[in-house]
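Listing of coords21.cif, mmCIF, C-alpha atoms
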data_entry
#
loop_
_atom_site.label_atom_id
_atom_site.label_comp_id
_atom_site.auth_asym_id
_atom_site.auth_seq_id
_atom_site.Cartn_x
_atom_site.Cartn_y
_atom_site.Cartn_z
CA MET R 11 130.87 113.69 109.62
CA THR R 12 129.05 116.59 108.01
CA ASN R 13 127.31 114.18 105.60
CA LEU R 14 125.83 112.10 108.39
CA ILE R 15 122.11 112.54 108.99
CA ASN R 16 121.65 110.26 112.00
CA LEU R 17 124.69 110.79 114.24
CA ASP R 18 123.36 108.60 117.06
CA ALA R 19 122.36 105.62 114.92
CA ALA R 20 122.79 101.91 115.60
CA GLY R 21 122.25 98.82 113.47
CA ILE R 22 121.07 95.37 114.58
CA ASP R 23 121.43 92.12 112.65
CA VAL R 24 118.60 89.89 113.88
CA SER R 25 118.64 86.09 114.05
CA ALA R 26 116.97 83.31 116.02
CA LYS R 27 119.65 82.74 118.68
CA GLU R 28 121.64 85.98 118.86
CA HIS R 29 121.64 89.58 117.71
CA TYR R 30 124.67 91.60 116.61
CA VAL R 31 124.55 95.32 117.45
CA ALA R 32 126.76 98.04 115.96
CA VAL R 33 127.10 101.60 117.30
CA PRO R 34 129.33 104.46 116.05
CA GLU R 35 132.98 103.93 116.82
CA GLY R 36 134.22 105.60 119.99
CA ARG R 37 130.98 105.21 121.95
CA ASP R 38 132.37 102.24 123.90
CA THR R 39 135.43 100.02 124.02
CA GLU R 40 133.59 97.65 121.67
CA SER R 41 131.51 99.19 118.90
CA ILE R 42 130.01 95.83 117.87
CA ARG R 43 128.59 93.44 120.43
CA CYS R 44 126.65 90.19 120.34
CA PHE R 45 123.63 89.57 122.59
CA LYS R 46 121.59 86.41 123.04
CA SER R 47 117.92 86.49 122.09
CA PHE R 48 116.61 85.79 125.61
CA THR R 49 114.44 88.49 127.17
CA ARG R 50 117.01 89.31 129.85
CA ASP R 51 119.69 89.84 127.19
CA LEU R 52 117.40 92.10 125.17
CA HIS R 53 117.08 94.42 128.16
CA LEU R 54 120.87 94.36 128.59
CA MET R 55 121.17 95.36 124.94
CA ALA R 56 118.76 98.27 125.40
CA GLU R 57 120.66 99.47 128.48
CA TRP R 58 123.96 99.30 126.57
CA LEU R 59 122.45 101.35 123.73
CA LEU R 60 121.31 103.96 126.24
CA LYS R 61 124.83 104.04 127.66
CA CYS R 62 126.16 104.65 124.13
CA LYS R 63 123.67 107.57 123.75
CA ILE R 64 121.90 105.97 120.80
CA LYS R 65 118.65 107.61 119.66
CA THR R 66 117.65 105.78 116.48
CA ILE R 67 118.07 102.12 115.52
CA ALA R 68 117.71 100.20 112.26
CA MET R 69 117.03 96.47 112.31
CA GLU R 70 116.15 93.87 109.70
CA SER R 71 112.71 92.30 109.61
CA THR R 72 113.98 88.72 109.86
CA GLY R 73 111.11 86.24 110.20
CA VAL R 74 109.29 86.84 113.49
CA TYR R 75 112.50 87.12 115.51
CA TRP R 76 112.47 90.92 115.31
CA TYR R 77 109.09 91.39 116.98
CA HIS R 78 109.92 91.15 120.70
CA LEU R 79 113.19 93.05 120.30
CA TYR R 80 111.28 95.76 118.42
CA THR R 81 108.75 96.17 121.25
CA VAL R 82 111.47 96.17 123.94
CA LEU R 83 113.41 98.93 122.18
CA LEU R 84 110.25 101.00 121.75
CA ASP R 85 109.54 100.68 125.48
CA TYR R 86 113.02 102.11 126.18
CA GLY R 87 112.19 105.16 124.07
CA PHE R 88 114.28 104.46 120.98
CA GLU R 89 113.21 105.42 117.48
CA VAL R 90 113.22 102.04 115.75
CA SER R 91 113.19 101.61 111.96
CA LEU R 92 112.29 98.14 110.75
CA VAL R 93 113.79 97.70 107.27
CA ASN R 94 113.44 95.13 104.52
CA ALA R 95 116.52 92.90 104.31
CA TYR R 96 116.30 93.09 100.50
CA HIS R 97 117.02 96.84 100.67
CA VAL R 98 120.23 96.53 102.71
CA LYS R 99 122.23 93.96 100.76
CA ASN R 100 125.96 94.20 101.35
CA VAL R 101 128.74 94.00 98.76
CA PRO R 102 129.05 90.40 97.41
CA GLY R 103 131.77 88.34 99.07
CA ARG R 104 131.57 90.18 102.40
CA LYS R 105 128.77 88.30 104.07
CA SER R 106 129.05 87.90 107.85
CA ASP R 107 127.01 88.93 110.87
CA VAL R 108 129.59 91.53 111.92
CA SER R 109 129.91 93.13 108.49
CA ASP R 110 126.12 93.10 107.99
CA THR R 111 125.63 94.88 111.31
CA ARG R 112 128.20 97.57 110.52
CA TRP R 113 126.79 98.02 107.02
CA LEU R 114 123.29 98.44 108.42
CA GLN R 115 124.53 101.02 110.94
CA ARG R 116 126.33 103.02 108.25
CA LEU R 117 123.35 103.06 105.90
CA HIS R 118 121.14 104.28 108.71
CA SER R 119 123.68 106.96 109.68
CA PHE R 120 123.50 108.41 106.17
CA GLY R 121 119.68 108.25 106.13
CA LEU R 122 119.52 105.76 103.26
CA LEU R 123 117.00 103.35 104.82
CA SER R 124 113.23 103.52 104.48
CA PRO R 125 111.34 102.06 107.46
CA CYS R 126 108.65 99.44 106.91
CA PHE R 127 105.04 100.27 107.71
CA GLN R 128 104.19 99.46 111.32
CA PRO R 129 100.66 99.94 112.69
CA ASP R 130 99.76 101.14 116.15
CA ASN R 131 99.22 98.64 118.97
CA LEU R 132 95.43 98.43 118.63
CA THR R 133 95.65 97.92 114.87
CA ARG R 134 98.29 95.25 115.46
CA GLU R 135 95.89 93.41 117.78
CA LEU R 136 93.15 93.59 115.16
CA ARG R 137 95.54 92.43 112.46
CA ASN R 138 96.57 89.43 114.55
CA SER R 139 92.93 88.52 115.11
CA THR R 140 91.94 88.74 111.42
CA ARG R 141 95.01 86.77 110.33
CA GLN R 142 94.19 84.10 112.90
CA ARG R 143 90.63 84.03 111.55
CA LYS R 144 91.91 83.47 108.02
CA SER R 145 94.15 80.62 109.22
CA ILE R 146 91.17 78.94 110.92
CA ILE R 147 89.10 79.18 107.73
CA GLU R 148 91.97 77.66 105.72
CA ASP R 149 92.18 74.79 108.23
CA MET R 150 88.42 74.27 107.91
CA SER R 151 88.81 74.02 104.15
CA ILE R 152 91.46 71.31 104.56
CA GLN R 153 89.25 69.29 106.91
CA THR R 154 86.30 69.67 104.53
CA GLN R 155 88.40 68.17 101.74
CA ARG R 156 89.25 65.25 104.03
CA MET R 157 85.56 64.69 104.73
CA GLN R 158 84.82 64.71 101.01
CA LYS R 159 87.66 62.25 100.39
CA ALA R 160 86.38 59.84 103.05
CA LEU R 161 82.86 59.96 101.59
CA GLU R 162 84.19 59.53 98.05
CA LEU R 163 86.21 56.45 99.06
CA MET R 164 82.94 54.94 100.33
CA ASN R 165 81.29 56.03 97.03
CA ILE R 166 78.94 58.36 98.88
CA LYS R 167 78.28 61.05 96.24
CA LEU R 168 76.80 63.57 98.64
CA ASN R 169 79.01 66.30 97.23
CA ASN R 170 77.30 65.88 93.83
CA VAL R 171 73.83 66.78 95.06
CA ILE R 172 74.44 69.46 97.71
CA ARG R 173 76.61 72.52 97.31
CA ASP R 174 78.19 72.68 100.76
CA ILE R 175 78.87 69.59 102.82
CA ASN R 176 79.23 71.82 105.89
CA GLY R 177 75.84 73.41 105.32
CA LYS R 178 72.62 72.62 107.14
CA THR R 179 71.78 69.50 105.11
CA GLY R 180 75.32 68.14 104.93
CA HIS R 181 75.88 68.64 108.66
CA LYS R 182 72.73 66.71 109.59
CA ILE R 183 73.41 63.84 107.18
CA VAL R 184 77.07 63.40 108.17
CA SER R 185 76.13 63.57 111.84
CA ALA R 186 73.54 60.83 111.33
CA ILE R 187 76.04 58.67 109.41
CA LEU R 188 78.55 58.92 112.25
CA ALA R 189 75.78 58.03 114.71
CA GLY R 190 75.37 54.69 112.88
CA GLU R 191 72.49 55.44 110.50
CA THR R 192 72.87 53.74 107.10
CA ASN R 193 69.27 53.74 105.84
CA THR R 194 69.37 55.97 102.76
CA GLU R 195 65.72 57.04 103.03
CA VAL R 196 66.19 58.11 106.65
CA LEU R 197 69.36 60.01 105.74
CA ALA R 198 67.60 61.69 102.80
CA SER R 199 64.84 62.90 105.13
CA TYR R 200 67.34 65.27 106.77
CA ALA R 201 67.61 67.30 103.56
CA ASP R 202 66.53 70.91 103.66
CA TYR R 203 63.56 71.78 101.44
CA ARG R 204 65.64 74.37 99.54
CA ILE R 205 68.10 71.95 97.92
CA LYS R 206 67.61 71.49 94.17
CA ALA R 207 68.24 67.74 94.06
CA THR R 208 65.23 65.43 94.15
CA LYS R 209 64.72 62.89 96.91
CA GLU R 210 65.52 60.05 94.50
CA GLU R 211 68.85 61.65 93.54
CA LEU R 212 69.70 62.17 97.19
CA ILE R 213 68.92 58.53 98.03
CA LYS R 214 71.09 57.30 95.14
CA SER R 215 73.97 59.52 96.25
CA LEU R 216 73.87 57.98 99.74
CA GLU R 217 74.22 54.37 98.53
CA GLY R 218 77.78 53.22 99.13
CA ASN R 219 80.18 50.92 100.90
CA TRP R 220 80.31 51.76 104.62
CA ARG R 221 83.93 51.01 105.39
CA LYS R 222 85.07 51.21 109.01
CA GLU R 223 88.41 52.93 108.34
CA GLN R 224 86.79 55.65 106.21
CA LEU R 225 84.09 56.25 108.81
CA PHE R 226 86.89 56.77 111.30
CA ASN R 227 88.57 59.32 109.00
CA LEU R 228 85.21 61.01 108.45
CA LYS R 229 84.64 61.32 112.19
CA GLN R 230 88.11 62.75 112.75
CA ALA R 231 87.60 65.45 110.12
CA TYR R 232 84.02 66.15 111.27
CA ASP R 233 85.08 66.63 114.91
CA HIS R 234 87.98 68.82 113.82
CA ILE R 235 85.64 71.08 111.83
CA ASN R 236 83.29 71.43 114.79
CA PHE R 237 86.27 72.41 116.96
CA LEU R 238 87.43 74.95 114.36
CA GLN R 239 83.95 76.43 114.11
CA GLN R 240 83.99 77.03 117.85
CA GLN R 241 87.42 78.64 117.53
CA LEU R 242 86.10 80.83 114.73
CA LYS R 243 83.31 82.09 116.99
CA GLU R 244 85.83 82.91 119.73
CA CYS R 245 88.01 84.70 117.19
CA ASP R 246 85.01 86.75 115.99
CA ASN R 247 84.23 87.72 119.58
CA GLN R 248 87.83 88.85 120.06
CA THR R 249 87.72 90.85 116.82
CA GLU R 250 84.46 92.52 117.81
CA GLN R 251 85.91 93.56 121.18
CA ILE R 252 88.89 95.19 119.46
CA LEU R 253 86.64 96.97 116.95
CA ASP R 254 84.54 98.22 119.84
CA GLN R 255 87.65 99.97 121.20
CA PHE R 256 88.19 101.57 117.79
CA SER R 257 84.60 102.69 117.41
CA ARG R 258 83.99 106.38 117.87
CA GLN R 259 81.72 107.30 120.76
CA THR R 260 79.34 109.39 118.66
CA LYS R 261 75.58 109.38 118.70
CA ASP R 262 74.98 110.84 115.24
CA VAL R 263 76.23 107.79 113.32
CA LYS R 264 73.36 106.39 111.29
CA PRO R 265 72.82 102.63 111.24
CA LEU R 266 73.56 100.96 107.92
CA PRO R 267 71.27 98.38 106.32
CA LYS R 268 72.60 94.86 106.75
CA GLY R 269 74.06 93.40 103.59
CA VAL R 270 73.86 89.85 102.29
CA LYS R 271 75.99 87.52 104.42
CA SER R 272 78.39 85.29 102.52
CA LYS R 273 79.96 82.04 103.66
CA ASN R 274 82.41 82.47 106.56
CA SER R 275 81.33 86.07 107.14
CA PRO R 276 82.05 87.47 110.62
CA GLY R 277 79.49 86.65 113.28
CA PHE R 278 78.89 90.36 113.92
CA ASN R 279 78.03 93.43 111.86
CA ALA R 280 81.55 94.35 110.73
CA LYS R 281 80.12 96.71 108.12
CA GLN R 282 78.57 98.91 110.81
CA TYR R 283 81.74 98.89 112.92
CA LEU R 284 83.85 99.98 109.95
CA TYR R 285 81.41 102.77 109.17
CA ASP R 286 81.53 103.98 112.77
CA ILE R 287 85.34 104.01 112.75
CA ILE R 288 86.14 105.26 109.25
CA GLY R 289 83.10 107.49 108.77
CA VAL R 290 82.22 106.17 105.29
CA ASP R 291 80.86 102.90 103.94
CA VAL R 292 83.77 101.39 102.00
CA THR R 293 81.76 98.24 101.20
CA LYS R 294 79.95 100.25 98.50
CA ILE R 295 83.10 100.04 96.37
CA TYR R 296 82.71 97.54 93.54
CA GLY R 297 84.08 94.15 94.62
CA LEU R 298 84.93 95.14 98.20
CA GLN R 299 82.92 92.89 100.49
CA GLU R 300 82.56 93.11 104.25
CA THR R 301 85.23 90.53 105.10
CA ASN R 302 87.75 92.03 102.67
CA ALA R 303 87.12 95.54 103.99
CA LEU R 304 87.73 94.33 107.55
CA THR R 305 91.00 92.66 106.52
CA ILE R 306 92.24 95.78 104.73
CA PHE R 307 91.41 97.95 107.73
CA SER R 308 93.26 95.56 110.05
CA GLU R 309 96.35 95.74 107.82
CA THR R 310 96.40 99.51 107.22
CA GLY R 311 94.64 101.10 110.20
CA CYS R 312 92.50 104.21 110.05
CA ASN R 313 95.21 106.92 109.93
CA LEU R 314 96.19 106.41 106.30
CA ALA R 315 97.16 110.05 105.77
CA GLU R 316 99.81 109.85 108.50
CA LYS R 317 101.40 106.63 107.28
CA PHE R 318 100.94 107.35 103.56
CA PRO R 319 100.81 111.10 102.83
CA THR R 320 100.04 110.55 99.15
CA GLU R 321 97.97 108.08 97.19
CA LYS R 322 101.03 107.08 95.14
CA GLN R 323 102.87 105.99 98.28
CA PHE R 324 99.88 103.90 99.36
CA LEU R 325 99.58 102.19 95.97
CA SER R 326 103.32 101.54 95.84
CA TRP R 327 103.25 99.96 99.30
CA LEU R 328 100.34 97.75 98.22
CA ASN R 329 102.40 96.67 95.20
CA VAL R 330 99.63 97.33 92.68
CA VAL R 331 101.66 99.68 90.46
CA PRO R 332 104.45 98.84 87.97
CA ASP R 333 108.08 99.10 89.04
CA ASN R 334 109.44 101.16 86.16
CA LYS R 335 113.15 100.72 85.48
CA ILE R 336 114.55 103.49 83.28
CA THR R 337 117.98 103.56 81.68
CA GLY R 338 119.12 105.67 78.75
CA ALA R 339 115.82 107.57 78.90
CA LYS R 340 113.98 104.34 78.08
CA VAL R 341 111.73 102.17 80.21
CA ILE R 342 113.38 98.75 80.06
CA SER R 343 111.01 97.06 82.52
CA SER R 344 107.66 97.87 84.09
CA LYS R 345 106.81 94.62 85.85
CA VAL R 346 105.11 94.60 89.23
CA ARG R 347 107.59 93.82 91.98
CA LYS R 348 107.58 90.36 93.52
CA LYS R 349 106.81 91.16 97.13
CA LYS R 350 104.16 89.95 99.52
CA ASN R 351 101.63 92.42 100.86
CA LYS R 352 98.52 91.06 102.55
CA ALA R 353 96.47 94.21 102.03
CA GLY R 354 97.47 94.36 98.37
CA GLN R 355 96.47 90.71 97.97
CA VAL R 356 93.02 91.47 99.39
CA PHE R 357 92.56 94.23 96.79
CA ARG R 358 93.54 91.70 94.11
CA ASP R 359 91.05 89.19 95.51
CA SER R 360 88.36 91.89 95.39
CA ALA R 361 89.22 92.60 91.74
CA ASN R 362 88.96 88.88 90.97
CA THR R 363 85.29 88.89 92.01
CA LEU R 364 84.41 91.29 89.17
CA TRP R 365 84.92 88.96 86.21
CA ARG R 366 81.16 88.55 85.69
CA ALA R 367 80.07 91.80 87.31
CA ASN R 368 77.78 94.06 85.30
CA ASN R 369 79.42 97.32 86.34
CA PRO R 370 82.09 99.64 84.89
CA TRP R 371 84.99 97.94 86.65
CA GLY R 372 83.80 94.53 85.51
CA ASP R 373 83.88 95.85 81.94
CA TYR R 374 87.31 97.36 82.54
CA LEU R 375 88.64 94.06 83.90
CA ARG R 376 87.44 92.10 80.88
CA ILE R 377 88.71 94.68 78.37
CA LYS R 378 92.09 94.87 80.10
CA LYS R 379 92.37 91.08 80.03
CA ALA R 380 91.82 91.05 76.26
CA LYS R 381 94.62 93.60 75.83
CA SER R 382 97.23 92.63 78.42
CA GLY R 383 96.27 89.32 80.03
CA SER R 384 94.41 88.30 83.18
CA ARG R 385 97.23 88.99 85.69
CA GLN R 386 97.77 92.55 84.47
CA ALA R 387 94.01 93.11 84.37
CA VAL R 388 93.59 92.05 88.01
CA VAL R 389 96.44 94.29 89.18
CA ALA R 390 95.11 97.29 87.24
CA THR R 391 91.60 96.80 88.63
CA ALA R 392 92.98 96.33 92.15
CA LYS R 393 94.72 99.69 91.72
CA LYS R 394 91.38 101.33 90.93
CA ILE R 395 89.75 99.81 94.02
CA ALA R 396 92.68 100.85 96.22
CA SER R 397 92.66 104.41 94.84
CA VAL R 398 88.98 104.86 95.65
CA TYR R 399 89.47 103.28 99.09
CA TYR R 400 92.29 105.72 99.91
CA LYS R 401 90.28 108.73 98.77
CA MET R 402 87.21 107.66 100.77
CA VAL R 403 89.14 106.98 103.98
CA VAL R 404 91.38 110.07 103.83
CA GLU R 405 88.90 112.64 102.52
CA LYS R 406 85.80 111.12 104.19
CA VAL R 407 83.75 111.13 100.98
CA ASP R 408 81.06 108.61 100.03
CA PHE R 409 81.42 106.33 97.05
CA ASP R 410 79.83 107.98 94.00
CA ASP R 411 79.68 105.81 90.91
CA ALA R 412 78.08 108.48 88.71
CA LYS R 413 81.41 109.56 87.19
CA ILE R 414 82.51 105.95 86.76
CA LYS R 415 79.28 105.10 84.94
CA LYS R 416 79.63 108.22 82.78
CA ASN R 417 83.11 107.13 81.71
CA ARG R 418 81.70 103.70 80.93
CA ASN R 419 78.93 105.18 78.76
CA ASP R 420 81.43 107.45 76.99
CA TYR R 421 83.63 104.45 76.22
CA PHE R 422 80.76 102.44 74.74
CA SER R 423 79.59 105.47 72.73
CA LYS R 424 83.06 105.88 71.20
CA LYS R 425 83.21 102.15 70.53
CA LEU R 426 79.81 102.23 68.83
CA ASN R 427 80.77 105.22 66.67
CA TYR R 428 83.99 103.48 65.66
CA LEU R 429 82.15 100.30 64.68
CA GLN R 430 79.55 102.28 62.72
CA LYS R 431 82.30 104.09 60.77
CA MET R 432 84.03 100.78 60.06
CA MET R 433 80.74 99.29 58.86
CA GLU R 434 80.09 102.28 56.55
CA LYS R 435 83.64 102.03 55.19
CA THR R 436 83.20 98.31 54.53
CA GLN R 437 79.86 98.92 52.77
CA LEU R 438 81.48 101.51 50.49
CA GLN R 439 84.27 99.10 49.61
CA LEU R 440 81.72 96.37 48.79
CA ALA R 441 79.75 98.82 46.63
CA GLU R 442 82.89 99.64 44.62
CA TYR R 443 83.56 95.97 43.91
CA GLN R 444 79.95 95.44 42.80
#

In structure tokens, what does this structure look like?
Amino acid sequence: MTNLINLDAAGIDVSAKEHYVAVPEGRDTESIRCFKSFTRDLHLMAEWLLKCKIKTIAMESTGVYWYHLYTVLLDYGFEVSLVNAYHVKNVPGRKSDVSDTRWLQRLHSFGLLSPCFQPDNLTRELRNSTRQRKSIIEDMSIQTQRMQKALELMNIKLNNVIRDINGKTGHKIVSAILAGETNTEVLASYADYRIKATKEELIKSLEGNWRKEQLFNLKQAYDHINFLQQQLKECDNQTEQILDQFSRQTKDVKPLPKGVKSKNSPGFNAKQYLYDIIGVDVTKIYGLQETNALTIFSETGCNLAEKFPTEKQFLSWLNVVPDNKITGAKVISSKVRKKKNKAGQVFRDSANTLWRANNPWGDYLRIKKAKSGSRQAVVATAKKIASVYYKMVVEKVDFDDAKIKKNRNDYFSKKLNYLQKMMEKTQLQLAEYQ
């Protein structure tokens, strides 16, 4: 008993229909009980745990089944640790709900489990809103592809002459087609003056076979996109209301200049909200756009120092650092772990935008690709972006690229000196042969 760290610890094996709960032996006539997953049974479970004088609980993060149980236990005042099921694997050949529950309780009693990151309630609301927004945009992309397929099957090559079929020109032309207009010159007159294609090219692209079944498919996809666009606006309004609760009530916050809006950007000034909340403009970081910065904030919250005391812990949680495996004083593997992390994926997406960027990190990405490959280059660049983000949010310092540019200039100077020496050496060798 002297080796136990959590004396009043319980373990819960979570599933869709029922939950198995284990408490230390001697707390009740039954130390392992099974409860249904209905709300009433969850409250009975919490009351039984109080009766057994339990203070801390470990439970697996199984699907989404853990969520309501997690919130109920928090409301009852328990300290709840949500753990990754991969970290609590039992001995092979002893797989059952009862043994898993007891194993989980024992591991937690000895303090061997690390809890998963869980944001506060307001951050969780924001995270839900931004994830819903991403799902809506993905659905819009699917419906856009269906519109393009319907047009292609009618040999309407509209996608060849305009960049975005959901843009101003595409929206007007498709709307007119669904209204019964088939005159190509009339349809071409809806084109915006900024498109690069000529009127003749636009007319040729609109000549096709107007098939009834494909017009029906086109209308279905078009109506679905309009519905999703309305949902996207509602989701943006919800997100803005949550950010408004985050925003500090200070009068000395300077307004930021509005940046260039990209496709599917939020319908509000998310950049200003993030600056009001965090205190620094994280969108100045190379590759980190407004939408990505909002997603990262919704996944990590604003109190990074409390959840991740060190930068190394933050980078490890994001999964942008190698998982070194050492045996016999040798590193036998340094691959990045295969685990999903939405915030880490956003940092990778931000790094992917730098392939053609004329800045130090764009150079670093291309050089790293030549040495190690594209995947390793993206992860290494994502680590740089995440490191700067952590430092800015925790220490409240602005992004200063002077040192980064100096390192870039130093690298190119060394490279130039090396090439000059190689050229001189080659010239001397040629002179000897002559």

Would you mind listing what lies within 9 Å of Tyr75 of chain R as a VMD selection string, with all atoms listed in the file counted and same-chain residues fewer than 5 positions away left out?
chain R and resid 24 to 27 47

Quick one: write out the picked residues with C-alpha atoms as a compact mmCIF listing (two decimals), in the frame of the given file?
# COMPACT_ATOMS: atom_id res chain seq x y z
CA VAL R 24 118.60 89.89 113.88
CA SER R 25 118.64 86.09 114.05
CA ALA R 26 116.97 83.31 116.02
CA LYS R 27 119.65 82.74 118.68
CA SER R 47 117.92 86.49 122.09

Rows by chain and residue number, segment 75-164 of chain R within 12 Å of segment 232-250 of chain R, shortest pair, all atoms listed in the file, as a tab-separated table:
residue	atom	partner	partner_atom	distance
R:Leu132	CA	R:Thr249	CA	11.0
R:Thr133	CA	R:Thr249	CA	10.8
R:Arg134	CA	R:Thr249	CA	11.5
R:Glu135	CA	R:Thr249	CA	8.6
R:Leu136	CA	R:Thr249	CA	6.3
R:Arg137	CA	R:Thr249	CA	9.1
R:Asn138	CA	R:Thr249	CA	9.2
R:Ser139	CA	R:Thr249	CA	6.0
R:Thr140	CA	R:Thr249	CA	7.2
R:Arg141	CA	R:Cys245	CA	10.0
R:Gln142	CA	R:Cys245	CA	7.5
R:Arg143	CA	R:Cys245	CA	6.3
R:Lys144	CA	R:Leu242	CA	9.3
R:Ser145	CA	R:Leu242	CA	9.8
R:Ile146	CA	R:Leu238	CA	6.5
R:Ile147	CA	R:Leu242	CA	7.8
R:Glu148	CA	R:Leu238	CA	10.1
R:Asp149	CA	R:Leu238	CA	7.8
R:Met150	CA	R:Ile235	CA	5.8
R:Ser151	CA	R:Ile235	CA	8.8
R:Ile152	CA	R:Ile235	CA	9.3
R:Gln153	CA	R:Ile235	CA	6.4
R:Thr154	CA	R:Ile235	CA	7.5
R:Gln155	CA	R:Tyr232	CA	10.7
R:Arg156	CA	R:Tyr232	CA	9.0
R:Met157	CA	R:Tyr232	CA	6.9
R:Gln158	CA	R:Tyr232	CA	10.4
R:Ala160	CA	R:Tyr232	CA	10.6
R:Leu161	CA	R:Tyr232	CA	11.5

Segment 205-221 of chain R surroundings by all atoms listed in the file, 10 Å radius, close-in-sequence under 3 positions cut, as JSON, numbers by chain:
{"R": [160, 161, 162, 163, 164, 165, 166, 167, 168, 169, 170, 171, 172, 173, 179, 183, 187, 192, 193, 194, 195, 196, 197, 198, 199, 201, 202, 224, 225, 226]}

Please enumerate the residues selected by the PyMOL selection byres ((chain R and resi 122-124) around 8) when evaluated against the supplied file, formatted as a count of residues only.
11

Residues returned when the PyMOL selection byres ((chain R and resi 400-415) around 7) runs on this file, as a PyMOL selection string
chain R and resi 288-291+294-295+314-315+321+370+396-399+416-419

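Nearest residue to Arg50 of chain R among R:His78, R:Lys178, R:Lys348, R:Arg385 is R:His78, counting only C-alpha atoms.
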
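Across the model, the gap from atom CA of Lys340 of chain R to atom CA of Phe324 of chain R is 25.5 Å.
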
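Evaluated against the shown file, the PyMOL selection byres ((chain R and resi 84) around 12) gives Leu52, His53, Ala56, Lys65, Thr66, Ile67, Tyr77, His78, Leu79, Tyr80, Thr81, Val82, Leu83, Asp85, Tyr86, Gly87, Phe88, Glu89, Val90, Ser91, Leu92, Asp130 and Asn131 of chain R.
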
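Taking atom CA of Thr310 of chain R and atom CA of Gln128 of chain R as the two end points, the separation is 8.8 Å.
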
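Shortest separation to Lys352 of chain R among R:Tyr285, R:Tyr374, R:Trp365, R:Phe307 occurs at residue R:Phe307, atoms counted being all atoms listed in the file.
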
Surrounding residues of Lys61 of chain R excluding itself and chain neighbours under 2 positions, 12 Å, all atoms listed in the file, as an MDAnalysis selection string
chainID R and resid 18 33 37:39 54:59 63:65

Please produce an output containing C-alpha atoms for each residue in the selection, written as a short mmCIF file (atom, residue, chain, number, x, y, z; two decimals), keeping the file's coordinate frame.
data_model
loop_
_atom_site.label_atom_id
_atom_site.label_comp_id
_atom_site.auth_asym_id
_atom_site.auth_seq_id
_atom_site.Cartn_x
_atom_site.Cartn_y
_atom_site.Cartn_z
CA ASP R 18 123.36 108.60 117.06
CA VAL R 33 127.10 101.60 117.30
CA ARG R 37 130.98 105.21 121.95
CA ASP R 38 132.37 102.24 123.90
CA THR R 39 135.43 100.02 124.02
CA LEU R 54 120.87 94.36 128.59
CA MET R 55 121.17 95.36 124.94
CA ALA R 56 118.76 98.27 125.40
CA GLU R 57 120.66 99.47 128.48
CA TRP R 58 123.96 99.30 126.57
CA LEU R 59 122.45 101.35 123.73
CA LYS R 63 123.67 107.57 123.75
CA ILE R 64 121.90 105.97 120.80
CA LYS R 65 118.65 107.61 119.66
#

To one decimal place, how far is atom CA of Val292 of chain R from atom CA of Lys350 of chain R in Å?
23.5 Å

Hey, could you pull the box centre and edge lengths for segment 329-332 of chain R, axis-aligned, 6 Å padding per side, all listed atoms, to one decimal in Å, as AutoDock Vina command-line options?
--center_x 102.0 --center_y 98.2 --center_z 91.6 --size_x 16.8 --size_y 15.0 --size_z 19.2

Can you build me a table of segment 172-290 of chain R residues sitting at most 7 Å from segment 299-303 of chain R, with the closest atom pair per residue and its distance in Å to one decimal, using all atoms listed in the file, sorted by chain and residue number, as CSV?
residue,atom,partner,partner_atom,distance
R:Ser275,CA,R:Thr301,CA,6.3
R:Ala280,CA,R:Glu300,CA,6.7
R:Lys281,CA,R:Glu300,CA,5.8

Residues within 9 Å of Val356 of chain R, please, as a list in words. Count all atoms listed in the file; anything in the same chain fewer than 4 positions from it doesn't count.
Leu298, Asn302, Ala303, Thr305, Ile306, Asn351, Lys352, Ser360, Ala361 and Ala392 of chain R

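Closest to Ile22 of chain R among R:Glu316, R:Asp51, R:Asp110, R:Glu223 is R:Asp110, based on all atoms listed in the file.
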
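Minimum distance to Arg112 of chain R across R:Lys345, R:Arg43, R:Lys435, R:Lys273 (counting all atoms listed in the file) occurs at R:Arg43.
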